[in-house]
Structure formats: C-alpha cells, structure tokens
>>> print(open('final_39.cif').read())   # mmCIF, C-alpha atoms
data_input
loop_
_atom_site.label_atom_id
_atom_site.label_comp_id
_atom_site.auth_asym_id
_atom_site.auth_seq_id
_atom_site.Cartn_x
_atom_site.Cartn_y
_atom_site.Cartn_z
CA MET A 1 -33.75 7.00 -26.99
CA ARG A 2 -30.03 6.45 -26.50
CA PRO A 3 -27.78 6.70 -29.57
CA LEU A 4 -26.61 3.06 -29.63
CA GLU A 5 -30.02 1.47 -29.00
CA GLY A 6 -30.56 -1.45 -31.37
CA LEU A 7 -26.83 -2.31 -31.54
CA VAL A 8 -25.81 -5.77 -30.33
CA VAL A 9 -22.32 -6.14 -28.87
CA LEU A 10 -20.77 -9.54 -28.08
CA GLU A 11 -18.13 -9.22 -25.38
CA PHE A 12 -15.60 -12.05 -25.10
CA CYS A 13 -13.40 -9.95 -22.80
CA GLN A 14 -12.24 -10.53 -19.24
CA PHE A 15 -11.09 -8.35 -16.35
CA LEU A 16 -11.09 -4.59 -16.99
CA ALA A 17 -9.99 -2.99 -20.28
CA GLY A 18 -12.42 -4.69 -22.69
CA PRO A 19 -15.31 -4.96 -20.22
CA SER A 20 -14.97 -1.27 -19.28
CA ALA A 21 -15.46 -0.46 -22.97
CA GLY A 22 -18.56 -2.67 -22.99
CA LEU A 23 -19.87 -0.81 -19.96
CA LYS A 24 -19.62 2.51 -21.80
CA LEU A 25 -21.33 1.10 -24.88
CA ALA A 26 -24.13 -0.27 -22.70
CA ASP A 27 -24.59 3.13 -21.04
CA LEU A 28 -24.97 4.61 -24.53
CA GLY A 29 -27.78 2.17 -25.28
CA ALA A 30 -26.15 -0.89 -26.86
CA ARG A 31 -27.21 -4.39 -25.84
CA VAL A 32 -23.96 -5.84 -24.54
CA ILE A 33 -23.88 -9.62 -24.18
CA LYS A 34 -21.01 -11.19 -22.25
CA ILE A 35 -20.01 -14.54 -23.69
CA GLU A 36 -18.89 -16.48 -20.61
CA ARG A 37 -17.87 -20.01 -19.82
CA PRO A 38 -20.64 -21.98 -18.09
CA VAL A 39 -20.85 -22.14 -14.27
CA LYS A 40 -17.75 -20.11 -13.36
CA GLY A 41 -18.20 -17.36 -15.91
CA GLU A 42 -15.65 -14.66 -16.56
CA ALA A 43 -12.51 -14.79 -14.37
CA CYS A 44 -13.12 -11.29 -12.99
CA ARG A 45 -16.11 -12.65 -11.09
CA GLN A 46 -13.61 -13.99 -8.55
CA LEU A 47 -11.19 -11.05 -8.63
CA SER A 48 -12.14 -8.89 -5.67
CA ILE A 49 -11.01 -5.65 -4.06
CA LYS A 50 -10.87 -5.95 -0.24
CA ASP A 51 -12.70 -9.30 -0.52
CA LEU A 52 -16.03 -7.61 -1.33
CA PHE A 53 -18.63 -9.83 -3.01
CA VAL A 54 -22.26 -9.47 -4.08
CA ASP A 55 -23.99 -12.86 -4.60
CA GLU A 56 -21.39 -15.18 -6.19
CA SER A 57 -19.44 -12.42 -7.95
CA SER A 58 -17.02 -9.78 -6.76
CA LEU A 59 -18.08 -6.18 -6.29
CA LEU A 60 -15.37 -5.33 -8.84
CA PHE A 61 -17.13 -7.48 -11.44
CA HIS A 62 -20.44 -5.77 -10.70
CA THR A 63 -18.78 -2.37 -11.06
CA ILE A 64 -17.50 -3.12 -14.56
CA ASN A 65 -20.33 -5.27 -15.89
CA ARG A 66 -23.55 -3.55 -14.88
CA ASN A 67 -26.19 -3.07 -17.56
CA LYS A 68 -25.09 -6.17 -19.55
CA ASP A 69 -26.54 -9.60 -20.39
CA SER A 70 -24.75 -12.92 -19.97
CA PHE A 71 -24.73 -15.83 -22.42
CA ALA A 72 -22.98 -18.94 -21.11
CA ALA A 73 -21.22 -20.99 -23.79
CA ASP A 74 -18.31 -23.44 -23.88
CA LEU A 75 -16.29 -22.36 -26.91
CA LYS A 76 -14.67 -25.82 -27.04
CA ASN A 77 -18.09 -27.44 -27.40
CA PRO A 78 -19.15 -27.64 -31.08
CA ASP A 79 -22.84 -27.11 -30.30
CA ASP A 80 -22.17 -24.06 -28.11
CA LEU A 81 -19.72 -22.70 -30.68
CA GLU A 82 -22.36 -22.99 -33.36
CA LEU A 83 -24.77 -20.94 -31.22
CA VAL A 84 -22.10 -18.29 -30.74
CA LYS A 85 -21.53 -18.13 -34.50
CA LYS A 86 -25.27 -17.56 -34.95
CA LEU A 87 -25.01 -14.69 -32.48
CA ILE A 88 -22.09 -13.24 -34.45
CA ALA A 89 -24.22 -13.38 -37.59
CA LYS A 90 -26.75 -11.07 -35.91
CA ALA A 91 -24.34 -8.83 -33.97
CA ASP A 92 -22.95 -5.40 -34.84
CA ILE A 93 -19.77 -5.53 -32.74
CA MET A 94 -17.70 -8.21 -31.04
CA THR A 95 -14.71 -7.66 -28.77
CA HIS A 96 -12.13 -9.97 -27.21
CA ASN A 97 -8.87 -9.81 -25.27
CA PHE A 98 -7.65 -13.38 -25.69
CA ARG A 99 -3.95 -13.99 -26.24
CA PRO A 100 -2.80 -13.82 -29.88
CA GLY A 101 -3.74 -17.01 -31.69
CA VAL A 102 -6.49 -18.17 -29.34
CA MET A 103 -9.40 -16.96 -31.49
CA ASP A 104 -7.71 -18.45 -34.58
CA LYS A 105 -7.73 -21.90 -32.95
CA ILE A 106 -11.39 -21.56 -32.00
CA GLY A 107 -12.32 -20.36 -35.48
CA LEU A 108 -13.45 -16.92 -34.38
CA ALA A 109 -10.61 -14.72 -35.68
CA PHE A 110 -11.42 -11.59 -37.66
CA ALA A 111 -11.40 -13.44 -41.00
CA ASP A 112 -13.76 -16.05 -39.59
CA ALA A 113 -16.10 -13.43 -38.15
CA ILE A 114 -16.17 -11.50 -41.44
CA ALA A 115 -17.07 -14.73 -43.26
CA ILE A 116 -20.02 -15.15 -40.87
CA ASN A 117 -21.04 -11.49 -40.85
CA PRO A 118 -19.45 -9.23 -43.51
CA LYS A 119 -20.49 -6.10 -41.57
CA ILE A 120 -19.14 -7.09 -38.15
CA ILE A 121 -16.96 -4.62 -36.27
CA TYR A 122 -14.28 -6.66 -34.55
CA GLY A 123 -12.45 -5.16 -31.58
CA VAL A 124 -9.24 -6.64 -30.16
CA VAL A 125 -7.54 -5.68 -26.89
CA SER A 126 -3.96 -6.88 -26.37
CA GLY A 127 -1.12 -6.15 -24.03
CA TYR A 128 1.54 -5.29 -26.61
CA GLY A 129 -0.05 -5.83 -30.02
CA GLU A 130 -0.83 -8.96 -31.98
CA GLU A 131 2.67 -9.43 -33.41
CA GLY A 132 6.27 -8.88 -32.38
CA PRO A 133 8.52 -10.07 -29.53
CA TRP A 134 6.18 -8.88 -26.77
CA ALA A 135 2.93 -10.19 -28.25
CA LYS A 136 2.53 -13.17 -25.90
CA LYS A 137 3.75 -11.53 -22.70
CA PRO A 138 1.12 -10.94 -19.99
CA GLY A 139 -0.72 -7.66 -20.45
CA GLN A 140 -1.42 -6.62 -16.87
CA ASP A 141 -1.94 -3.07 -15.66
CA LEU A 142 0.92 -2.81 -13.14
CA LEU A 143 3.36 -4.44 -15.54
CA VAL A 144 2.39 -2.03 -18.31
CA GLN A 145 2.58 0.99 -15.99
CA SER A 146 6.07 -0.16 -15.02
CA LEU A 147 7.25 -0.73 -18.58
CA SER A 148 5.89 2.55 -19.95
CA GLY A 149 7.71 5.05 -17.72
CA LEU A 150 4.48 6.08 -16.00
CA THR A 151 5.67 5.00 -12.54
CA TRP A 152 8.32 7.74 -12.64
CA LEU A 153 5.66 10.47 -12.82
CA SER A 154 3.85 10.11 -9.49
CA GLY A 155 5.15 10.21 -5.94
CA ARG A 156 8.32 11.99 -4.83
CA ASP A 157 11.75 11.75 -6.42
CA SER A 158 13.31 9.96 -3.45
CA GLN A 159 10.62 7.24 -3.52
CA GLY A 160 11.76 5.74 -6.80
CA PRO A 161 9.06 4.47 -9.17
CA VAL A 162 5.52 4.73 -7.77
CA PRO A 163 2.59 3.07 -9.58
CA PHE A 164 -0.75 4.85 -9.79
CA GLY A 165 -3.42 3.64 -7.36
CA LEU A 166 -5.82 2.93 -10.24
CA SER A 167 -5.82 0.51 -13.18
CA THR A 168 -4.74 3.39 -15.38
CA ALA A 169 -3.65 1.38 -18.43
CA ASP A 170 -6.79 -0.76 -18.40
CA ILE A 171 -9.17 2.17 -18.03
CA MET A 172 -7.56 4.27 -20.75
CA CYS A 173 -7.32 1.29 -23.10
CA GLY A 174 -11.05 0.72 -22.61
CA ASN A 175 -11.68 4.37 -23.48
CA HIS A 176 -9.56 4.05 -26.62
CA LEU A 177 -11.43 0.89 -27.62
CA VAL A 178 -14.73 2.76 -27.39
CA GLN A 179 -13.33 5.58 -29.55
CA GLY A 180 -12.16 3.05 -32.12
CA LEU A 181 -15.47 1.18 -32.17
CA LEU A 182 -17.50 4.37 -32.60
CA ALA A 183 -15.19 5.46 -35.42
CA ALA A 184 -15.60 2.01 -36.98
CA LEU A 185 -19.40 2.38 -36.88
CA LEU A 186 -19.06 5.56 -38.92
CA LYS A 187 -16.68 3.87 -41.36
CA ARG A 188 -19.07 0.94 -41.76
CA ALA A 189 -21.91 3.33 -42.51
CA LYS A 190 -19.83 4.72 -45.39
CA THR A 191 -18.39 1.46 -46.75
CA ASN A 192 -21.01 -1.13 -45.71
CA LYS A 193 -18.10 -3.38 -44.69
CA GLY A 194 -16.79 -4.81 -41.45
CA VAL A 195 -13.89 -3.13 -39.62
CA LEU A 196 -11.03 -4.47 -37.48
CA VAL A 197 -10.27 -2.27 -34.44
CA GLU A 198 -7.11 -2.99 -32.45
CA VAL A 199 -5.86 -1.37 -29.24
CA SER A 200 -3.20 -2.35 -26.74
CA LEU A 201 -2.46 -1.50 -23.13
CA ILE A 202 1.06 -0.29 -23.94
CA GLU A 203 -0.10 2.08 -26.71
CA SER A 204 -2.87 3.47 -24.51
CA ILE A 205 -0.62 4.16 -21.53
CA LEU A 206 1.96 5.81 -23.80
CA ASP A 207 -0.79 7.99 -25.29
CA VAL A 208 -1.84 9.05 -21.78
CA GLN A 209 1.70 10.38 -21.32
CA PHE A 210 1.77 12.38 -24.55
CA GLU A 211 2.74 15.64 -22.85
CA ALA A 212 5.52 14.01 -20.81
CA ILE A 213 6.90 11.94 -23.68
CA THR A 214 6.76 14.87 -26.09
CA SER A 215 8.72 16.95 -23.59
CA TYR A 216 11.33 14.20 -23.31
CA LEU A 217 11.65 13.75 -27.07
CA ASN A 218 12.03 17.47 -27.73
CA ASP A 219 14.20 18.43 -24.77
CA GLY A 220 17.40 16.60 -25.57
CA GLY A 221 16.27 13.37 -23.92
CA GLN A 222 16.18 14.86 -20.45
CA LEU A 223 14.46 12.56 -17.98
CA GLN A 224 11.62 13.94 -15.89
CA LYS A 225 12.56 15.21 -12.44
CA ARG A 226 9.87 14.94 -9.80
CA GLY A 227 9.86 17.22 -6.82
CA ASP A 228 11.02 15.80 -3.50
CA VAL A 229 8.91 17.71 -0.98
CA ALA A 230 5.50 16.69 0.27
CA GLY A 231 2.72 17.62 -2.12
CA SER A 232 4.74 17.99 -5.31
CA ALA A 233 2.29 17.12 -8.04
CA HIS A 234 3.79 17.17 -11.55
CA ALA A 235 7.18 16.19 -12.91
CA PHE A 236 7.14 18.89 -15.59
CA LEU A 237 5.51 21.86 -13.86
CA SER A 238 7.14 24.50 -11.70
CA ALA A 239 6.20 25.99 -8.34
CA PRO A 240 3.69 26.75 -6.96
CA TYR A 241 1.92 23.75 -8.58
CA GLY A 242 1.21 21.21 -5.84
CA VAL A 243 -0.65 20.32 -2.63
CA TYR A 244 0.09 22.06 0.67
CA LYS A 245 -0.86 21.20 4.24
CA THR A 246 -2.93 23.81 6.03
CA GLN A 247 -3.83 24.23 9.68
CA ASP A 248 -6.83 21.90 9.30
CA GLY A 249 -6.47 20.12 5.95
CA TYR A 250 -4.87 20.59 2.56
CA LEU A 251 -4.85 23.22 -0.19
CA SER A 252 -4.08 22.63 -3.88
CA LEU A 253 -2.46 25.39 -5.91
CA ALA A 254 -2.61 25.11 -9.69
CA MET A 255 -0.75 27.11 -12.33
CA GLY A 256 -0.35 30.81 -11.63
CA ASP A 257 2.01 33.75 -11.29
CA LEU A 258 4.32 32.77 -8.45
CA MET A 259 5.25 36.30 -7.51
CA TYR A 260 1.62 37.44 -7.38
CA ILE A 261 0.67 34.43 -5.22
CA SER A 262 3.65 34.94 -2.91
CA GLU A 263 2.60 38.56 -2.33
CA LEU A 264 -0.91 37.43 -1.39
CA LEU A 265 0.51 34.82 0.99
CA GLU A 266 3.05 37.33 2.35
CA VAL A 267 6.01 35.09 1.52
CA ASN A 268 9.23 36.74 0.37
CA LEU A 269 10.32 35.03 -2.86
CA GLU A 270 12.17 37.99 -4.35
CA LYS A 271 15.30 35.90 -5.02
CA TYR A 272 13.21 33.68 -7.34
CA ARG A 273 11.69 36.53 -9.36
CA GLU A 274 13.13 35.25 -12.65
CA LYS A 275 10.58 32.83 -14.07
CA GLN A 276 13.14 30.23 -15.16
CA LEU A 277 13.99 29.71 -11.47
CA TRP A 278 10.47 28.56 -10.62
CA PHE A 279 11.19 25.08 -11.97
CA GLU A 280 14.86 24.75 -11.03
CA PHE A 281 14.23 25.69 -7.38
CA ARG A 282 10.67 24.46 -7.06
CA ASP A 283 11.40 22.30 -3.98
CA GLU A 284 12.88 25.27 -2.14
CA ILE A 285 9.98 27.48 -3.18
CA ARG A 286 7.37 24.92 -2.17
CA THR A 287 9.02 24.55 1.21
CA LEU A 288 8.81 28.30 1.83
CA LEU A 289 5.18 28.37 0.73
CA SER A 290 4.40 25.36 2.93
CA GLU A 291 5.81 27.07 6.02
CA ARG A 292 3.35 29.91 5.51
CA ILE A 293 0.27 27.99 4.34
CA ILE A 294 0.25 25.65 7.33
CA GLN A 295 -0.29 28.64 9.65
CA LYS A 296 -3.92 29.20 8.55
CA SER A 297 -7.00 27.09 7.75
CA THR A 298 -7.89 25.90 4.27
CA ASP A 299 -10.98 28.13 4.19
CA HIS A 300 -8.88 31.15 5.14
CA TRP A 301 -6.62 30.66 2.13
CA LEU A 302 -9.52 29.87 -0.21
CA ASP A 303 -11.34 33.06 0.78
CA LEU A 304 -8.20 35.09 0.17
CA LEU A 305 -6.92 33.46 -3.01
CA ILE A 306 -10.12 32.72 -4.93
CA GLY A 307 -11.23 36.32 -4.48
CA LYS A 308 -7.98 37.39 -6.16
CA GLY A 309 -8.39 35.05 -9.12
CA VAL A 310 -5.91 32.36 -8.02
CA TRP A 311 -6.70 28.80 -9.12
CA CYS A 312 -6.85 26.79 -5.92
CA GLY A 313 -9.08 24.30 -4.13
CA LYS A 314 -9.63 21.94 -1.23
CA VAL A 315 -8.13 18.45 -1.24
CA LEU A 316 -10.96 16.01 -0.55
CA ASN A 317 -11.10 12.34 0.35
CA TYR A 318 -14.06 10.16 -0.64
CA GLN A 319 -15.94 10.95 2.58
CA ASP A 320 -15.60 14.68 1.91
CA LEU A 321 -16.54 14.22 -1.72
CA ASP A 322 -19.66 12.22 -0.85
CA ALA A 323 -20.97 15.12 1.23
CA ILE A 324 -20.63 17.74 -1.51
CA ASP A 325 -23.30 18.65 -4.05
CA PHE A 326 -21.76 19.56 -7.41
CA GLY A 327 -25.19 19.92 -8.98
CA MET A 328 -24.58 16.77 -11.06
CA PRO A 329 -24.44 13.74 -8.73
CA MET A 330 -22.28 10.87 -9.98
CA LYS A 331 -23.89 8.13 -7.89
CA GLN A 332 -26.60 5.72 -8.96
CA THR A 333 -28.17 2.61 -7.47
CA ILE A 334 -28.32 -0.63 -9.43
CA GLU A 335 -30.20 -3.79 -8.50
CA ASN A 336 -29.55 -7.45 -9.32
CA ALA A 337 -32.03 -10.27 -9.94
CA GLU A 338 -32.18 -11.00 -6.22
CA HIS A 339 -33.04 -7.34 -5.48
CA ARG A 340 -29.63 -6.71 -3.91
CA LYS A 341 -28.81 -3.03 -4.35
CA ILE A 342 -25.36 -1.63 -5.13
CA VAL A 343 -24.41 2.04 -5.17
CA THR A 344 -21.93 2.87 -7.92
CA THR A 345 -20.95 5.65 -10.30
CA ARG A 346 -22.86 6.54 -13.46
CA SER A 347 -21.81 7.42 -16.98
CA PRO A 348 -20.22 10.90 -17.08
CA ILE A 349 -21.87 11.63 -20.45
CA GLN A 350 -24.98 13.76 -20.87
CA LEU A 351 -26.94 13.80 -24.13
CA ASP A 352 -29.43 16.59 -24.88
CA GLY A 353 -29.40 17.44 -21.19
CA GLN A 354 -30.16 13.85 -20.16
CA ILE A 355 -27.92 12.13 -17.61
CA LEU A 356 -27.26 8.52 -18.63
CA THR A 357 -28.16 6.31 -15.69
CA SER A 358 -28.99 2.63 -15.40
CA THR A 359 -30.52 0.43 -12.73
CA LYS A 360 -29.44 -3.01 -13.96
CA ALA A 361 -26.67 -4.79 -12.06
CA ALA A 362 -24.24 -7.28 -13.60
CA PRO A 363 -25.92 -10.56 -14.63
CA LYS A 364 -25.38 -14.01 -13.22
CA VAL A 365 -23.57 -16.47 -15.48
CA GLY A 366 -25.89 -17.37 -18.36
CA GLU A 367 -28.78 -15.41 -16.87
CA GLN A 368 -30.04 -14.32 -20.29
CA ASN A 369 -29.34 -17.52 -22.28
CA LYS A 370 -33.01 -18.31 -22.80
CA ILE A 371 -34.11 -14.85 -23.86
CA ILE A 372 -31.07 -14.41 -26.14
CA LEU A 373 -31.85 -17.71 -27.86
CA GLU A 374 -35.45 -16.61 -28.31
CA THR A 375 -34.89 -13.01 -29.42
CA ILE A 376 -31.62 -13.13 -31.40
CA ILE A 377 -30.76 -16.63 -32.58
CA ASN A 378 -34.19 -18.08 -33.32
#
>>> encode(input="final_39.cif", output="structure tokens")
Amino acid sequence: MRPLEGLVVLEFCQFLAGPSAGLKLADLGARVIKIERPVKGEACRQLSIKDLFVDESSLLFHTINRNKDSFAADLKNPDDLELVKKLIAKADIMTHNFRPGVMDKIGLAFADAIAINPKIIYGVVSGYGEEGPWAKKPGQDLLVQSLSGLTWLSGRDSQGPVPFGLSTADIMCGNHLVQGLLAALLKRAKTNKGVLVEVSLIESILDVQFEAITSYLNDGGQLQKRGDVAGSAHAFLSAPYGVYKTQDGYLSLAMGDLMYISELLEVNLEKYREKQLWFEFRDEIRTLLSERIIQKSTDHWLDLLIGKGVWCGKVLNYQDLDAIDFGMPMKQTIENAEHRKIVTTRSPIQLDGQILTSTKAAPKVGEQNKIILETIIN
C-alpha cells in the first residue's frame, strides 16, 4: 500500500509546475484527477518537444501526466461547475495555477472551497505571488530563470547569460508544492481544518540558488564570476572543479586538494600552492590541467585517480547512460488505453525497499468522467 492511497487530488493546473506536483502525488498513491476543458483538454496536450505526439496529445503531456485520471468540465457552464463543486466536497486536495483573480470569478477561490469542504487543502502555483506589482505578469520558466539571476550561473563568462536546458523553475516549484501539500496534510491531521498552500516560480528558483545568493549577500555584494575556459562548472568553486576533455571523451573532477591531484597528474602547479590562488587563477590552472588530461584516455585517468581517493567520473550522454546498470534502473514502461507503450522515467523514491513504478499513461480528455461520477459524486 502506498502512503497516499485513498487521497483524492483535483488538479486544475496546466503545463509543468503544478502537474509535476500531481505526478509525484500520484506516484505516492493519491488518485489525481485532472479537471480539463472538454474536447481540447489542458493546453499542455498541444505543447510538444521536437513535435513528438502520442495519440492526440504531446509526449511532453504524457511525461508529466501519467498515472492520473481526467474529468472534462466547462467551468463556465453552471451544470459542469456544480459537478466540480461536488468533487471538491469529496476531495482532500485541490491545486490550480490560474492567474490571480480567475478562481474568484469562477467561485472556486480558497474561501469558496473551504465553504464547500472545510478540510480541503488548497494549493496555488503562481509566477510571482498572488499580490504585488508582478502578480499578473506571465510566469514562464525562461522568463523566471532570466529574472532570478540563474542564467549567470551556467555557461562560460564570455557567453553572457545562459539559461539552463531544463524547465528548472517549473520542476523545483512542483517539488516545493509537494512539500507544502504534505506538510499541510500533517497540519490538517492536527487541526482538522483546511490549509492554503502557496508557492511561486520566482520563490522556488531563488531557493534553488540559496548557496549562490547567500554568498552574494555575505560577500560585500560581489557578483559571481564564472570561469571562461571549456568545462568550467561552478561560479563559486575553485580549480580543479570542472569537466576536462580526454583523449577519447571527458573527465569530471570534483572538489579535492589541487596540489595532491596535480602531483598525480604530473602537472607542475607549484606557483599556485597557496589555496587562495585556486579560485583567483582557476582558468589558468584548468588550462594547465587540460593540456595534461587530454593526453590520455578517460579510463586511464579514472584508474589512476579513483585508486588514490580522488572524486572523479566519466561524463556521459543519454546513450552512454542508457547502457549503464546502476543497480536501480530509472526507466519504466507505461501504456495508454489504446495499448500504445511509452518508455519514461519512474519516481526516484523507494519506500520500505519498494521502487514506486506505474504502468498507466496519461488519460484522454474526460476519459474517466463516467467512473468519477459513479464512484465519487454519486
């Protein structure tokens, strides 16, 4: 039995942050019901990566919405809205990421939901909070990465701001929403009352940068300085930290004693013996290390360095990664109503030694309307 079995979650969210939280709750056993507009469904169904689709919905949608049910309802239709309110009366959690004010107009704001179900946990995802001058600006991942300072942490110094190649703000905000909802479940158990949980993309992406921002705030307001040689990996860490090209691939070097590592590599770094120089001259040091590391294969350096206790590793792409057995495979196969199979990742959580997997693909729009009406509303 999974820990959230028996919980009913109503998801009014679109795109990534809110739905990714619903995905995690579903993996933990909750029954997550997407409330979608009829026919077209949630907008993410048509938002694709590389134009990849499965049935009428994008592969991206299937990635984020596996293991859920779908209830199609027009929230502007009084009859459909009444059905949704009946669902709220029976639900444990509801989440939405509508713009501020939208749920108030529909009559499904927190106060309305509490009036329907005094024990409801009500989760809200916003771009920049529910109030203030930024409240109604578009909360989109790239825009939030750009506003938060994050784009100055990756890439090389001469490249200017470089966004991450993932929806970093969305994913972390979804994680924070799950944390808040689980905490709210504990609070409700103590108080027997409903709880309002609020998260925003901007707060989540700032929290992700806690080490960088704390350094800035306590170091006289000094801006981060990225390295400007190939493979530099962290704006706040000194050499040797980074990725280096080898004769046949790449080698990553993590934190470690630079002088000890240089002796193993047979690179003369005597002029940088003072530890405070490892950051100031990190580009020069990395260049010297690079000139040596490229002379031998990755396996050669791994055999030498790992045996001496140096933290290092190969740099893999997805093809390399797919061929490696870590003893805890992250892939699983899900299947939709038409028996179309999709290979995706699984939940990273294990409970009592059990890996949390699922086989259920994302639903079609309104696929579970009938059974939801029969088992929850009626």
>>> atom_distance(input="final_39.cif", atom1="atom CA of Ala184 of chain A", atom2="atom CA of Val197 of chain A")
7.3 Å
>>> resolve_selection(input="final_39.cif", expression="the PyMOL selection byres ((chain A and resi 233) around 8)", output="list of chain:residue names")
A:Ser154, A:Gly155, A:Gly227, A:Gly231, A:Ser232, A:His234, A:Ala235, A:Tyr241, A:Gly242, A:Val243
>>> residues_around(input="final_39.cif", residues="Val125 of chain A", least_positions_apart="5", cutoff="10 Å", atoms="all atoms listed in the file", output="ChimeraX atom specification")
/A:13,17-18,95-100,130,139,170,173-174,176-177,197-201
>>> atom_distance(input="final_39.cif", atom1="atom CA of Ala26 of chain A", atom2="atom CA of Pro3 of chain A")
10.4 Å
>>> closest_residue(input="final_39.cif", among="A:Met330, A:Val315, A:Ile120, A:Leu356", to="Lys85 of chain A", atoms="all atoms listed in the file")
A:Ile120
>>> closest_residue(input="final_39.cif", among="A:Asp283, A:Glu56, A:Asp74, A:Glu203", to="Tyr128 of chain A", atoms="all atoms listed in the file")
A:Glu203
>>> resolve_selection(input="final_39.cif", expression="the PyMOL selection byres ((chain A and resi 46-48) around 8)", output="PyMOL selection string")
chain A and resi 43-45+49-53+57-61
